[in-house]
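Q: Mind having a look at this structure? Questions to follow.
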Amino acid sequence: MSKILKRIVNVFVDIIVVLILMVSIIVVMLSLTSKSSGVPNIFGTAPLSVLTESMEDTINPGDLILCSLTDIEDEFQKGDIVTFPIELNGEKVLNTHRIVEVVEDDNIIYYRTQGDNEETNPEPDTDLQTSSTIVAKYTGTKIPGLGNVLSFIRTQLGFFLCILLPMIIFFIYEAVRVVMNLMAYSKEKAFEEAQSAVNNSELTEEQKKQAIEEYLASLGQQSGNAGNEPEVQTPADGNNTNVES
């Protein structure tokens with residue numbers, strides 16, 4: 001493998017590693033914030049995966065939507081798309097619907113919500129929401145298809161395949177690269193020492209060349225003939241030997 005190709009491979013591997021590290025940091029942050037606040041977020045922005053068809057065609061299944069975290073003092077308007085927890089099959093999950101009506105009763109403001117897809121949500125939601133139950137508001141930004149990817153990565157299998165396995169492969173690759181660099185460095189140092197010893201001896205140029213070649217041949221046999229031996233060239237003017245690797 002040429003030096004240029006090795007350099008390209010190394011740069012490519014480094015880029016992949018940086019991307020994997022970034023994704024793993026994001027996943028860890030989402031997991032930690034989800035446990036603490038109930039909403040996975042990064043510095044107040046919640047990337048949420050849409051799994052159902054209730055908000056088609058505004059938001060489609062598999063979309064990743066960006067929502068901003070809300071406070072109990074926030075007020076909302078008709079038409080806002082908000083996220084709130086609901087209980088589904090005995091499990092607490094986040095649901096994102098549009099506010100279709102603002103209701104005030106005894107100085108308390110309630111929000112009636114409904115999905116945009118009238119086929120799956122022909123009627124408004126049964127439960128009214130308040131500022132204390134609404135946890136996030138849709139910013140209008142969505143990334144089609146990325147929601148499915150994020151949901152898969154957050155599973156045990158997805159985290160192993162997308163994060164742990166590439167990292168294991170990277171560390172093995174780096175270990176092999178370090179060993180090869182150490183072997184190359186040791187061989188280069190040994191060659192320099194041999195060349196210095198030969199140059200300081202009282203030998204003819206031809207004898208110096210032969211001595212270095214014999215030394216490198218013995219070194220290659222000891223290391224299992226790993227790597228190519230440098231080519232030794234003797235200048236016609238009789239000056240010190242130059243080595244071209």
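Residues in the structure tokens are numbered from 1 in each chain, the chains being A, B, ... in the order shown, and ligands are numbered from 1 in the order shown.
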Neighbours of A:Pro144 within 8 Å (only C-alpha atoms; same-chain residues fewer than 4 positions away dropped), as an NGL selection string?
A: :A and (60 or 62-64)
Q: When you look at A:Thr70 with a cut-off of 12 Å (counting only C-alpha atoms), what residues show up, excluding the ones that are within fewer than 3 positions of it in the same chain? I need them as a PyMOL selection string.
A: chain A and resi 37+39+41+44-46+67+73-76+82-84+130-139
Q: Would you put the residues from that selection into a file with N, CA and C atoms, as a compact mmCIF listing (two decimals), in the first residue's frame?
A:
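Generated output (part.txt):
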```txt
# COMPACT_ATOMS: atom_id res chain seq x y z
N SER A 37 -35.36 14.75 33.11
CA SER A 37 -36.48 15.67 32.84
C SER A 37 -37.68 15.01 32.19
N VAL A 39 -37.83 14.32 29.11
CA VAL A 39 -37.78 14.65 27.69
C VAL A 39 -36.32 14.61 27.24
N ASN A 41 -33.22 15.75 25.50
CA ASN A 41 -32.91 17.04 24.90
C ASN A 41 -31.43 17.31 24.97
N GLY A 44 -31.72 22.10 25.76
CA GLY A 44 -33.06 22.67 25.60
C GLY A 44 -33.75 22.34 24.30
N THR A 45 -33.07 21.70 23.38
CA THR A 45 -33.68 21.29 22.12
C THR A 45 -33.90 19.79 22.13
N ALA A 46 -35.14 19.38 21.93
CA ALA A 46 -35.50 17.97 22.01
C ALA A 46 -35.69 17.39 20.61
N CYS A 67 -37.89 20.08 18.77
CA CYS A 67 -38.82 20.81 19.63
C CYS A 67 -38.02 21.55 20.70
N GLU A 73 -45.01 28.20 32.88
CA GLU A 73 -45.55 29.55 32.73
C GLU A 73 -45.78 29.94 31.27
N ASP A 74 -45.39 29.09 30.35
CA ASP A 74 -45.57 29.40 28.93
C ASP A 74 -47.04 29.34 28.54
N GLU A 75 -47.40 30.18 27.59
CA GLU A 75 -48.75 30.16 27.04
C GLU A 75 -48.68 29.79 25.56
N PHE A 76 -49.71 29.13 25.09
CA PHE A 76 -49.72 28.63 23.72
C PHE A 76 -50.95 29.15 22.99
N VAL A 82 -47.62 20.85 19.88
CA VAL A 82 -46.98 20.67 21.18
C VAL A 82 -46.82 19.19 21.51
N THR A 83 -45.94 18.92 22.44
CA THR A 83 -45.66 17.55 22.87
C THR A 83 -46.03 17.41 24.34
N PHE A 84 -46.69 16.31 24.66
CA PHE A 84 -47.12 16.06 26.04
C PHE A 84 -47.12 14.55 26.28
N THR A 130 -52.55 21.39 29.80
CA THR A 130 -52.24 22.69 30.40
C THR A 130 -50.76 22.98 30.19
N SER A 131 -50.35 24.15 30.60
CA SER A 131 -48.93 24.51 30.47
C SER A 131 -48.04 23.60 31.30
N SER A 132 -48.61 22.99 32.34
CA SER A 132 -47.83 22.10 33.19
C SER A 132 -47.67 20.71 32.59
N THR A 133 -48.57 20.34 31.69
CA THR A 133 -48.46 19.01 31.07
C THR A 133 -47.74 19.05 29.73
N ILE A 134 -47.74 20.21 29.07
CA ILE A 134 -47.02 20.35 27.80
C ILE A 134 -45.53 20.50 28.09
N VAL A 135 -44.71 19.65 27.48
CA VAL A 135 -43.28 19.63 27.79
C VAL A 135 -42.42 20.20 26.67
N ALA A 136 -42.96 20.32 25.46
CA ALA A 136 -42.14 20.82 24.35
C ALA A 136 -43.05 21.38 23.25
N LYS A 137 -42.47 22.24 22.43
CA LYS A 137 -43.19 22.85 21.32
C LYS A 137 -42.40 22.66 20.04
N TYR A 138 -43.08 22.23 19.00
CA TYR A 138 -42.45 21.97 17.70
C TYR A 138 -41.94 23.27 17.10
N THR A 139 -40.67 23.26 16.66
CA THR A 139 -40.05 24.46 16.11
C THR A 139 -40.32 24.64 14.62
```
Q: In Å, how far is it from atom CA of A:Leu182 to atom CA of A:Val18?
A: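 Rounded to one decimal, the two atoms are 24.5 Å apart.
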Q: With only C-alpha atoms as the atoms that count, which of A:Ile4, A:Val11, A:Ile143, A:Leu48 lies nearest to A:Ser34?
A: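 Closest to A:Ser34 of all the choices is A:Leu48.
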Q: List as a list in words the protein and nucleic acid residues near stretch 157-159 of chain A, meaning an atom at most 9 Å away when only C-alpha atoms are counted, but skip any in the same chain fewer than 6 places from it.
A: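 Contacts, with the query itself left out: Ser24, Val27, Val149, Leu150, Ser151 and Leu165 of chain A.
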Q: Would you give me, as a list in words, the residues in stretch 68-163 of chain A that DSSP reads as helix (DSSP H, G or I)?
A: Leu146, Gly147, Asn148, Val149, Leu150, Ser151, Phe152, Ile153, Gln156, Leu157, Gly158, Phe159, Phe160, Leu161, Cys162 and Ile163 of chain A
Q: Would you output that residue set with N, CA and C atoms, as a PDB file, in the first residue's frame?
A:
```pdb
ATOM      1  N   LEU A 146     -34.782  10.439   9.554  1.00  0.00           N
ATOM      2  CA  LEU A 146     -33.758  10.348  10.588  1.00  0.00           C
ATOM      3  C   LEU A 146     -34.335   9.889  11.930  1.00  0.00           C
ATOM      4  N   GLY A 147     -35.631  10.025  12.091  1.00  0.00           N
ATOM      5  CA  GLY A 147     -36.257   9.576  13.332  1.00  0.00           C
ATOM      6  C   GLY A 147     -36.132   8.078  13.522  1.00  0.00           C
ATOM      7  N   ASN A 148     -36.304   7.326  12.436  1.00  0.00           N
ATOM      8  CA  ASN A 148     -36.153   5.875  12.528  1.00  0.00           C
ATOM      9  C   ASN A 148     -34.727   5.488  12.892  1.00  0.00           C
ATOM     10  N   VAL A 149     -33.762   6.212  12.324  1.00  0.00           N
ATOM     11  CA  VAL A 149     -32.351   5.925  12.614  1.00  0.00           C
ATOM     12  C   VAL A 149     -32.051   6.170  14.082  1.00  0.00           C
ATOM     13  N   LEU A 150     -32.503   7.308  14.606  1.00  0.00           N
ATOM     14  CA  LEU A 150     -32.244   7.635  16.005  1.00  0.00           C
ATOM     15  C   LEU A 150     -32.928   6.641  16.941  1.00  0.00           C
ATOM     16  N   SER A 151     -34.138   6.248  16.598  1.00  0.00           N
ATOM     17  CA  SER A 151     -34.842   5.271  17.425  1.00  0.00           C
ATOM     18  C   SER A 151     -34.106   3.943  17.455  1.00  0.00           C
ATOM     19  N   PHE A 152     -33.560   3.528  16.307  1.00  0.00           N
ATOM     20  CA  PHE A 152     -32.816   2.270  16.250  1.00  0.00           C
ATOM     21  C   PHE A 152     -31.521   2.355  17.038  1.00  0.00           C
ATOM     22  N   ILE A 153     -30.812   3.476  16.918  1.00  0.00           N
ATOM     23  CA  ILE A 153     -29.544   3.623  17.639  1.00  0.00           C
ATOM     24  C   ILE A 153     -29.761   3.575  19.145  1.00  0.00           C
ATOM     25  N   GLN A 156     -30.697  -1.374  22.283  1.00  0.00           N
ATOM     26  CA  GLN A 156     -29.457  -2.063  22.643  1.00  0.00           C
ATOM     27  C   GLN A 156     -28.739  -2.594  21.411  1.00  0.00           C
ATOM     28  N   LEU A 157     -29.496  -3.210  20.494  1.00  0.00           N
ATOM     29  CA  LEU A 157     -28.893  -3.741  19.270  1.00  0.00           C
ATOM     30  C   LEU A 157     -28.328  -2.618  18.419  1.00  0.00           C
ATOM     31  N   GLY A 158     -29.085  -1.541  18.271  1.00  0.00           N
ATOM     32  CA  GLY A 158     -28.625  -0.420  17.454  1.00  0.00           C
ATOM     33  C   GLY A 158     -27.390   0.239  18.033  1.00  0.00           C
ATOM     34  N   PHE A 159     -27.343   0.386  19.361  1.00  0.00           N
ATOM     35  CA  PHE A 159     -26.174   1.000  20.000  1.00  0.00           C
ATOM     36  C   PHE A 159     -24.941   0.125  19.806  1.00  0.00           C
ATOM     37  N   PHE A 160     -25.132  -1.195  19.871  1.00  0.00           N
ATOM     38  CA  PHE A 160     -23.998  -2.096  19.678  1.00  0.00           C
ATOM     39  C   PHE A 160     -23.498  -2.040  18.236  1.00  0.00           C
ATOM     40  N   LEU A 161     -24.417  -2.117  17.264  1.00  0.00           N
ATOM     41  CA  LEU A 161     -24.016  -2.162  15.863  1.00  0.00           C
ATOM     42  C   LEU A 161     -23.478  -0.821  15.369  1.00  0.00           C
ATOM     43  N   CYS A 162     -24.058   0.274  15.824  1.00  0.00           N
ATOM     44  CA  CYS A 162     -23.695   1.589  15.292  1.00  0.00           C
ATOM     45  C   CYS A 162     -22.620   2.300  16.097  1.00  0.00           C
ATOM     46  N   ILE A 163     -22.459   1.938  17.363  1.00  0.00           N
ATOM     47  CA  ILE A 163     -21.504   2.641  18.222  1.00  0.00           C
ATOM     48  C   ILE A 163     -20.388   1.717  18.699  1.00  0.00           C
TER      49      ILE A 163
END
```
Q: Would you mind telling me which residue in A:Ile81, A:Ile168, A:Val28, A:Ala190 lies nearest to A:Tyr111 when using only C-alpha atoms?
A: A:Ile81
